[in-house]
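File shown: upload.txt (compact mmCIF, C-alpha atoms).
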```
# COMPACT_ATOMS: atom_id res chain seq x y z
CA MET A 12 131.56 145.11 102.44
CA LYS A 13 129.32 146.75 105.06
CA ALA A 14 127.61 148.83 102.35
CA ARG A 15 126.52 145.64 100.60
CA LEU A 16 125.23 143.97 103.74
CA PHE A 17 123.12 146.87 104.98
CA PRO A 18 120.43 146.72 102.20
CA ALA A 19 120.14 142.95 102.66
CA LEU A 20 119.76 143.40 106.41
CA VAL A 21 117.09 146.07 105.98
CA LEU A 22 115.20 143.85 103.51
CA SER A 23 115.42 140.88 105.89
CA VAL A 24 114.07 142.92 108.78
CA PHE A 25 111.25 144.31 106.63
CA LEU A 26 110.26 140.84 105.41
CA ALA A 27 110.32 139.46 108.93
CA ILE A 28 108.12 142.31 110.20
CA ALA A 29 105.76 141.83 107.26
CA GLY A 30 105.47 138.13 108.05
CA PHE A 31 106.98 136.89 104.81
CA SER A 32 107.56 133.16 105.13
CA GLY A 33 109.65 132.66 102.00
CA LYS A 34 106.72 131.18 100.08
CA VAL A 35 104.98 133.17 97.40
CA GLN A 36 101.32 132.27 97.25
CA ALA A 37 99.23 132.53 94.11
CA ASP A 38 96.53 135.14 94.44
CA ASP A 39 93.11 135.44 92.89
CA HIS A 40 94.64 137.10 89.84
CA GLU A 41 96.79 134.17 88.69
CA GLY A 42 96.35 133.72 84.95
CA HIS A 43 95.00 137.23 84.36
CA PHE A 44 96.72 139.29 81.69
CA ARG A 45 98.23 142.64 82.62
CA HIS A 46 98.94 145.56 80.32
CA VAL A 47 101.37 148.07 81.84
CA VAL A 48 101.64 151.40 80.03
CA CYS A 49 103.91 154.29 81.03
CA PHE A 50 103.82 157.75 79.47
CA ALA A 51 106.33 160.56 79.16
CA PHE A 52 104.61 163.67 77.86
CA LYS A 53 106.10 166.17 75.44
CA GLU A 54 107.62 169.29 76.91
CA GLY A 55 105.01 172.02 76.97
CA THR A 56 102.08 169.67 77.57
CA SER A 57 99.94 171.50 80.13
CA ASP A 58 98.65 170.01 83.35
CA ALA A 59 95.12 170.43 81.99
CA GLU A 60 96.00 168.43 78.86
CA VAL A 61 97.57 165.66 80.96
CA GLU A 62 94.50 165.61 83.22
CA LYS A 63 92.23 165.27 80.17
CA ILE A 64 94.29 162.29 78.97
CA VAL A 65 94.24 160.64 82.41
CA GLU A 66 90.46 161.12 82.62
CA ALA A 67 89.97 159.69 79.13
CA PHE A 68 92.07 156.63 79.99
CA GLY A 69 90.05 156.21 83.19
CA GLU A 70 86.82 156.12 81.18
CA LEU A 71 87.92 153.10 79.12
CA PRO A 72 86.96 150.46 81.72
CA SER A 73 83.32 151.60 81.49
CA LYS A 74 83.46 151.46 77.70
CA ILE A 75 85.42 148.27 77.05
CA ASP A 76 84.04 145.21 78.80
CA THR A 77 87.21 143.10 78.56
CA ILE A 78 88.89 145.38 81.13
CA ILE A 79 88.37 143.77 84.54
CA ASP A 80 90.59 146.09 86.60
CA TYR A 81 92.33 149.42 86.13
CA GLU A 82 94.65 151.56 88.21
CA TRP A 83 97.13 154.33 87.65
CA GLY A 84 99.58 156.60 89.38
CA THR A 85 102.33 159.13 88.86
CA SER A 86 106.03 158.58 89.41
CA GLU A 87 107.25 158.92 92.96
CA ASN A 88 110.67 157.47 92.23
CA ILE A 89 113.18 157.82 95.01
CA GLU A 90 115.83 156.68 92.55
CA PRO A 91 116.06 158.77 89.37
CA LEU A 92 115.38 155.78 87.10
CA ASN A 93 111.99 156.61 85.61
CA ASP A 94 113.66 157.90 82.42
CA GLY A 95 111.19 160.76 82.04
CA PHE A 96 108.08 158.60 82.42
CA THR A 97 105.62 160.35 84.73
CA HIS A 98 102.42 158.29 84.52
CA CYS A 99 101.87 154.54 84.79
CA PHE A 100 98.64 152.66 84.06
CA LEU A 101 97.89 149.03 84.86
CA VAL A 102 95.04 147.47 82.92
CA THR A 103 93.97 143.92 83.77
CA PHE A 104 92.14 141.50 81.51
CA GLU A 105 90.81 138.01 82.17
CA ASP A 106 93.31 136.68 79.64
CA ARG A 107 95.38 137.69 76.59
CA LYS A 108 92.28 137.64 74.38
CA GLY A 109 90.91 140.52 76.44
CA LEU A 110 93.86 142.69 75.46
CA GLU A 111 93.57 141.53 71.85
CA ALA A 112 89.96 142.77 71.82
CA TYR A 113 90.89 146.01 73.62
CA LEU A 114 93.65 147.19 71.28
CA PRO A 115 91.50 147.62 68.12
CA HIS A 116 88.40 148.73 70.06
CA GLU A 117 87.05 152.04 68.75
CA ASP A 118 87.12 153.68 72.20
CA HIS A 119 90.76 152.67 72.73
CA LEU A 120 91.68 153.98 69.27
CA ALA A 121 89.91 157.30 70.03
CA PHE A 122 91.94 157.52 73.25
CA VAL A 123 95.18 156.86 71.35
CA ASN A 124 94.29 159.67 68.92
CA LEU A 125 93.83 162.05 71.87
CA LEU A 126 97.10 160.91 73.47
CA LYS A 127 99.52 160.72 70.54
CA PRO A 128 100.02 164.45 69.90
CA LYS A 129 101.09 164.96 73.53
CA LEU A 130 103.18 161.81 73.94
CA GLU A 131 106.98 162.01 73.95
CA LYS A 132 107.48 158.30 74.56
CA VAL A 133 105.63 155.25 75.81
CA PHE A 134 106.69 152.03 77.51
CA VAL A 135 104.42 148.98 77.30
CA PHE A 136 104.89 145.69 79.12
CA ASP A 137 102.34 142.88 78.95
CA TYR A 138 102.42 139.72 81.05
CA THR A 139 100.36 136.85 82.41
CA VAL A 140 100.11 136.94 86.21
CA GLN A 141 102.01 134.03 87.74
```

Please lay out the structure from this file as structure tokens.
Amino acid sequence: MKARLFPALVLSVFLAIAGFSGKVQADDHEGHFRHVVCFAFKEGTSDAEVEKIVEAFGELPSKIDTIIDYEWGTSENIEPLNDGFTHCFLVTFEDRKGLEAYLPHEDHLAFVNLLKPKLEKVFVFDYTVQ
């Protein structure tokens, strides 16, 4: 029983310290459309090849005007639940139509052609910010 209560206690203390009032407030991004993409690279893909892919993805916001925000990072999982995915990218659009314009865009398709030979698996999750 104590093992179950400890995580809840830690979370409660953290939220109290952080000033969480129990109310979730809408931020400036409400209604934006997010495109989450996670990559697991094939075994043998070099660091230089991964870096080239990351750089190419990072160039897309300057090439595709429907992208309004972009960020990325590598897995720092404390729990071993990343299932081999090492890189995560978050691309934000004004709305769903922004993603619909992005997917067939020639610069996105060129990026996909660079990525595919090195990609073991991909996870994609799209959502509207609430």

Exercise: residues within 8 Å of coordinate (105.6, 152.0, 76.6), counting only C-alpha atoms, as number ranges by chain
A: 47-50, 132-136

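Minimum atom-to-atom distances from A:Leu130, A:Glu54, A:Lys63, A:Ile78 to Arg107 (chain A) were compared using all atoms listed in the file, and the lowest value belongs to A:Ile78.
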
Interatomic distance between CA of Trp83 (chain A) and CA of Cys99 (chain A)?
5.5 Å

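Counting only C-alpha atoms and comparing A:Lys53, A:His98, A:Lys129, A:Lys74, the residue that lies closest to Glu117 (chain A) is A:Lys74.
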
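Among A:Glu70, A:Ser86, A:Lys127, A:Ile79, the residue with the shortest atom-to-atom distance to Thr56 (chain A), counting only C-alpha atoms, is A:Lys127.
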
Could you tell me how far CA of Pro115 (chain A) lies from CA of Asp80 (chain A), in Å and to one decimal?
18.6 Å

Between CA of Val102 (chain A) and CA of Leu120 (chain A), what is the distance, to one decimal in Å?
15.5 Å

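Residues surrounding Leu101 (chain A) within 6 Å are His46, Val47, Tyr81 and Glu82 of chain A [only C-alpha atoms; sequence separation below 5 positions excluded].
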
Could those selected residues go to a file with C-alpha atoms, as a PDB file, in the frame of the given file?
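Final output, result-v1.pdb:
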```
ATOM      1  CA  HIS A  46      98.940 145.560  80.320  1.00  0.00           C
ATOM      2  CA  VAL A  47     101.370 148.070  81.840  1.00  0.00           C
ATOM      3  CA  TYR A  81      92.330 149.420  86.130  1.00  0.00           C
ATOM      4  CA  GLU A  82      94.650 151.560  88.210  1.00  0.00           C
TER       5      GLU A  82
END
```

With distances taken over only C-alpha atoms, which residue among A:Thr97, A:Thr103, A:Asn88, A:Leu71 lies nearest Ala121 (chain A)?
A:Leu71

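Between Tyr113 (chain A) and the residues A:Glu60, A:Asp76, A:Phe44, A:Gly55, the shortest atom-to-atom distance, using all atoms listed in the file, involves A:Asp76.
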
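Candidate residues A:Asp118, A:Thr85, A:Gly42, A:Gln141 were compared for distance to Val61 (chain A), and the nearest is A:Thr85, using all atoms listed in the file.
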
Would you place a box with edges along x, y and z of the file around all atoms of region 131-137 of chain A listed there, add 5 Å to each of its six sides, and report the centre and edge lengths in Å to one decimal, as AutoDock Vina command-line options?
```
--center_x 104.9 --center_y 152.4 --center_z 76.5 --size_x 15.1 --size_y 29.1 --size_z 15.2
```

Export: region 85-101 of chain A, all heavy atoms, as a PDB file, in the first residue's frame:
```
ATOM      1  N   THR A  85      16.291  14.130 -28.288  1.00  0.00           N
ATOM      2  CA  THR A  85      16.583  12.700 -28.264  1.00  0.00           C
ATOM      3  C   THR A  85      16.071  12.109 -26.958  1.00  0.00           C
ATOM      4  O   THR A  85      15.913  12.811 -25.955  1.00  0.00           O
ATOM      5  CB  THR A  85      18.090  12.435 -28.407  1.00  0.00           C
ATOM      6  OG1 THR A  85      18.787  13.112 -27.369  1.00  0.00           O
ATOM      7  CG2 THR A  85      18.590  12.882 -29.774  1.00  0.00           C
ATOM      8  N   SER A  86      15.854  10.818 -26.979  1.00  0.00           N
ATOM      9  CA  SER A  86      15.292  10.128 -25.823  1.00  0.00           C
ATOM     10  C   SER A  86      16.207  10.227 -24.614  1.00  0.00           C
ATOM     11  O   SER A  86      17.412   9.994 -24.703  1.00  0.00           O
ATOM     12  CB  SER A  86      15.055   8.650 -26.153  1.00  0.00           C
ATOM     13  OG  SER A  86      14.576   7.969 -25.011  1.00  0.00           O
ATOM     14  N   GLU A  87      15.606  10.584 -23.503  1.00  0.00           N
ATOM     15  CA  GLU A  87      16.293  10.599 -22.220  1.00  0.00           C
ATOM     16  C   GLU A  87      15.471   9.793 -21.219  1.00  0.00           C
ATOM     17  O   GLU A  87      15.456  10.097 -20.024  1.00  0.00           O
ATOM     18  CB  GLU A  87      16.460  12.046 -21.735  1.00  0.00           C
ATOM     19  CG  GLU A  87      17.326  12.878 -22.648  1.00  0.00           C
ATOM     20  CD  GLU A  87      17.457  14.322 -22.194  1.00  0.00           C
ATOM     21  OE1 GLU A  87      17.334  14.593 -20.979  1.00  0.00           O
ATOM     22  OE2 GLU A  87      17.666  15.179 -23.060  1.00  0.00           O
ATOM     23  N   ASN A  88      14.781   8.788 -21.739  1.00  0.00           N
ATOM     24  CA  ASN A  88      13.874   8.000 -20.908  1.00  0.00           C
ATOM     25  C   ASN A  88      14.546   7.448 -19.669  1.00  0.00           C
ATOM     26  O   ASN A  88      15.596   6.818 -19.751  1.00  0.00           O
ATOM     27  CB  ASN A  88      13.304   6.818 -21.709  1.00  0.00           C
ATOM     28  CG  ASN A  88      12.146   7.212 -22.568  1.00  0.00           C
ATOM     29  OD1 ASN A  88      12.188   8.245 -23.215  1.00  0.00           O
ATOM     30  ND2 ASN A  88      11.110   6.407 -22.556  1.00  0.00           N
ATOM     31  N   ILE A  89      13.922   7.684 -18.552  1.00  0.00           N
ATOM     32  CA  ILE A  89      14.342   7.071 -17.296  1.00  0.00           C
ATOM     33  C   ILE A  89      13.770   5.657 -17.252  1.00  0.00           C
ATOM     34  O   ILE A  89      14.424   4.729 -16.807  1.00  0.00           O
ATOM     35  CB  ILE A  89      13.868   7.923 -16.101  1.00  0.00           C
ATOM     36  CG1 ILE A  89      14.591   9.270 -16.127  1.00  0.00           C
ATOM     37  CG2 ILE A  89      14.108   7.194 -14.790  1.00  0.00           C
ATOM     38  CD1 ILE A  89      14.036  10.296 -15.183  1.00  0.00           C
ATOM     39  N   GLU A  90      12.535   5.538 -17.751  1.00  0.00           N
ATOM     40  CA  GLU A  90      11.912   4.218 -17.878  1.00  0.00           C
ATOM     41  C   GLU A  90      12.264   3.667 -19.258  1.00  0.00           C
ATOM     42  O   GLU A  90      12.287   4.423 -20.221  1.00  0.00           O
ATOM     43  CB  GLU A  90      10.392   4.336 -17.788  1.00  0.00           C
ATOM     44  CG  GLU A  90       9.899   4.940 -16.508  1.00  0.00           C
ATOM     45  CD  GLU A  90       8.414   5.194 -16.563  1.00  0.00           C
ATOM     46  OE1 GLU A  90       8.012   6.135 -17.263  1.00  0.00           O
ATOM     47  OE2 GLU A  90       7.679   4.423 -15.927  1.00  0.00           O
ATOM     48  N   PRO A  91      12.523   2.402 -19.385  1.00  0.00           N
ATOM     49  CA  PRO A  91      12.887   1.843 -20.693  1.00  0.00           C
ATOM     50  C   PRO A  91      11.647   1.582 -21.556  1.00  0.00           C
ATOM     51  O   PRO A  91      11.362   0.455 -21.940  1.00  0.00           O
ATOM     52  CB  PRO A  91      13.609   0.551 -20.317  1.00  0.00           C
ATOM     53  CG  PRO A  91      12.957   0.130 -19.037  1.00  0.00           C
ATOM     54  CD  PRO A  91      12.628   1.408 -18.310  1.00  0.00           C
ATOM     55  N   LEU A  92      10.900   2.633 -21.878  1.00  0.00           N
ATOM     56  CA  LEU A  92       9.654   2.467 -22.618  1.00  0.00           C
ATOM     57  C   LEU A  92       9.666   3.157 -23.975  1.00  0.00           C
ATOM     58  O   LEU A  92       8.616   3.314 -24.591  1.00  0.00           O
ATOM     59  CB  LEU A  92       8.477   3.013 -21.776  1.00  0.00           C
ATOM     60  CG  LEU A  92       8.259   2.317 -20.430  1.00  0.00           C
ATOM     61  CD1 LEU A  92       7.156   3.029 -19.645  1.00  0.00           C
ATOM     62  CD2 LEU A  92       7.899   0.851 -20.634  1.00  0.00           C
ATOM     63  N   ASN A  93      10.827   3.571 -24.454  1.00  0.00           N
ATOM     64  CA  ASN A  93      10.871   4.271 -25.735  1.00  0.00           C
ATOM     65  C   ASN A  93      10.861   3.322 -26.932  1.00  0.00           C
ATOM     66  O   ASN A  93      10.818   3.772 -28.072  1.00  0.00           O
ATOM     67  CB  ASN A  93      12.071   5.213 -25.803  1.00  0.00           C
ATOM     68  CG  ASN A  93      13.387   4.504 -25.674  1.00  0.00           C
ATOM     69  OD1 ASN A  93      13.535   3.592 -24.866  1.00  0.00           O
ATOM     70  ND2 ASN A  93      14.362   4.913 -26.463  1.00  0.00           N
ATOM     71  N   ASP A  94      10.886   2.013 -26.682  1.00  0.00           N
ATOM     72  CA  ASP A  94      10.726   1.000 -27.728  1.00  0.00           C
ATOM     73  C   ASP A  94      11.685   1.186 -28.905  1.00  0.00           C
ATOM     74  O   ASP A  94      11.344   0.957 -30.050  1.00  0.00           O
ATOM     75  CB  ASP A  94       9.276   0.989 -28.208  1.00  0.00           C
ATOM     76  CG  ASP A  94       8.919  -0.257 -28.997  1.00  0.00           C
ATOM     77  OD1 ASP A  94       9.529  -1.325 -28.772  1.00  0.00           O
ATOM     78  OD2 ASP A  94       8.032  -0.175 -29.871  1.00  0.00           O
ATOM     79  N   GLY A  95      12.892   1.658 -28.608  1.00  0.00           N
ATOM     80  CA  GLY A  95      13.898   1.815 -29.657  1.00  0.00           C
ATOM     81  C   GLY A  95      13.868   3.164 -30.360  1.00  0.00           C
ATOM     82  O   GLY A  95      14.751   3.457 -31.162  1.00  0.00           O
ATOM     83  N   PHE A  96      12.868   3.985 -30.081  1.00  0.00           N
ATOM     84  CA  PHE A  96      12.804   5.312 -30.692  1.00  0.00           C
ATOM     85  C   PHE A  96      13.815   6.214 -29.990  1.00  0.00           C
ATOM     86  O   PHE A  96      13.857   6.286 -28.767  1.00  0.00           O
ATOM     87  CB  PHE A  96      11.396   5.901 -30.590  1.00  0.00           C
ATOM     88  CG  PHE A  96      10.396   5.177 -31.432  1.00  0.00           C
ATOM     89  CD1 PHE A  96       9.554   4.231 -30.875  1.00  0.00           C
ATOM     90  CD2 PHE A  96      10.298   5.429 -32.793  1.00  0.00           C
ATOM     91  CE1 PHE A  96       8.632   3.543 -31.650  1.00  0.00           C
ATOM     92  CE2 PHE A  96       9.386   4.749 -33.580  1.00  0.00           C
ATOM     93  CZ  PHE A  96       8.550   3.805 -33.006  1.00  0.00           C
ATOM     94  N   THR A  97      14.634   6.894 -30.784  1.00  0.00           N
ATOM     95  CA  THR A  97      15.697   7.716 -30.213  1.00  0.00           C
ATOM     96  C   THR A  97      15.488   9.212 -30.434  1.00  0.00           C
ATOM     97  O   THR A  97      16.032  10.018 -29.684  1.00  0.00           O
ATOM     98  CB  THR A  97      17.059   7.332 -30.817  1.00  0.00           C
ATOM     99  OG1 THR A  97      16.993   7.493 -32.249  1.00  0.00           O
ATOM    100  CG2 THR A  97      17.431   5.904 -30.459  1.00  0.00           C
ATOM    101  N   HIS A  98      14.728   9.586 -31.447  1.00  0.00           N
ATOM    102  CA  HIS A  98      14.555  10.989 -31.810  1.00  0.00           C
ATOM    103  C   HIS A  98      13.070  11.317 -31.919  1.00  0.00           C
ATOM    104  O   HIS A  98      12.300  10.546 -32.508  1.00  0.00           O
ATOM    105  CB  HIS A  98      15.225  11.285 -33.154  1.00  0.00           C
ATOM    106  CG  HIS A  98      16.713  11.257 -33.082  1.00  0.00           C
ATOM    107  ND1 HIS A  98      17.415  10.096 -32.886  1.00  0.00           N
ATOM    108  CD2 HIS A  98      17.619  12.260 -33.156  1.00  0.00           C
ATOM    109  CE1 HIS A  98      18.705  10.379 -32.860  1.00  0.00           C
ATOM    110  NE2 HIS A  98      18.853  11.683 -33.014  1.00  0.00           N
ATOM    111  N   CYS A  99      12.698  12.468 -31.364  1.00  0.00           N
ATOM    112  CA  CYS A  99      11.308  12.921 -31.424  1.00  0.00           C
ATOM    113  C   CYS A  99      11.274  14.348 -31.969  1.00  0.00           C
ATOM    114  O   CYS A  99      12.083  15.193 -31.564  1.00  0.00           O
ATOM    115  CB  CYS A  99      10.672  12.871 -30.035  1.00  0.00           C
ATOM    116  SG  CYS A  99       8.935  13.359 -30.017  1.00  0.00           S
ATOM    117  N   PHE A 100      10.339  14.607 -32.861  1.00  0.00           N
ATOM    118  CA  PHE A 100      10.183  15.910 -33.488  1.00  0.00           C
ATOM    119  C   PHE A 100       8.743  16.363 -33.297  1.00  0.00           C
ATOM    120  O   PHE A 100       7.811  15.573 -33.466  1.00  0.00           O
ATOM    121  CB  PHE A 100      10.507  15.824 -34.984  1.00  0.00           C
ATOM    122  CG  PHE A 100      11.902  15.330 -35.244  1.00  0.00           C
ATOM    123  CD1 PHE A 100      12.177  13.971 -35.251  1.00  0.00           C
ATOM    124  CD2 PHE A 100      12.938  16.217 -35.453  1.00  0.00           C
ATOM    125  CE1 PHE A 100      13.463  13.499 -35.470  1.00  0.00           C
ATOM    126  CE2 PHE A 100      14.229  15.757 -35.673  1.00  0.00           C
ATOM    127  CZ  PHE A 100      14.496  14.394 -35.680  1.00  0.00           C
ATOM    128  N   LEU A 101       8.570  17.625 -32.959  1.00  0.00           N
ATOM    129  CA  LEU A 101       7.248  18.199 -32.775  1.00  0.00           C
ATOM    130  C   LEU A 101       7.118  19.366 -33.745  1.00  0.00           C
ATOM    131  O   LEU A 101       7.832  20.363 -33.634  1.00  0.00           O
ATOM    132  CB  LEU A 101       7.065  18.688 -31.335  1.00  0.00           C
ATOM    133  CG  LEU A 101       5.757  19.379 -30.998  1.00  0.00           C
ATOM    134  CD1 LEU A 101       4.573  18.424 -31.186  1.00  0.00           C
ATOM    135  CD2 LEU A 101       5.786  19.897 -29.576  1.00  0.00           C
TER     136      LEU A 101
END
```
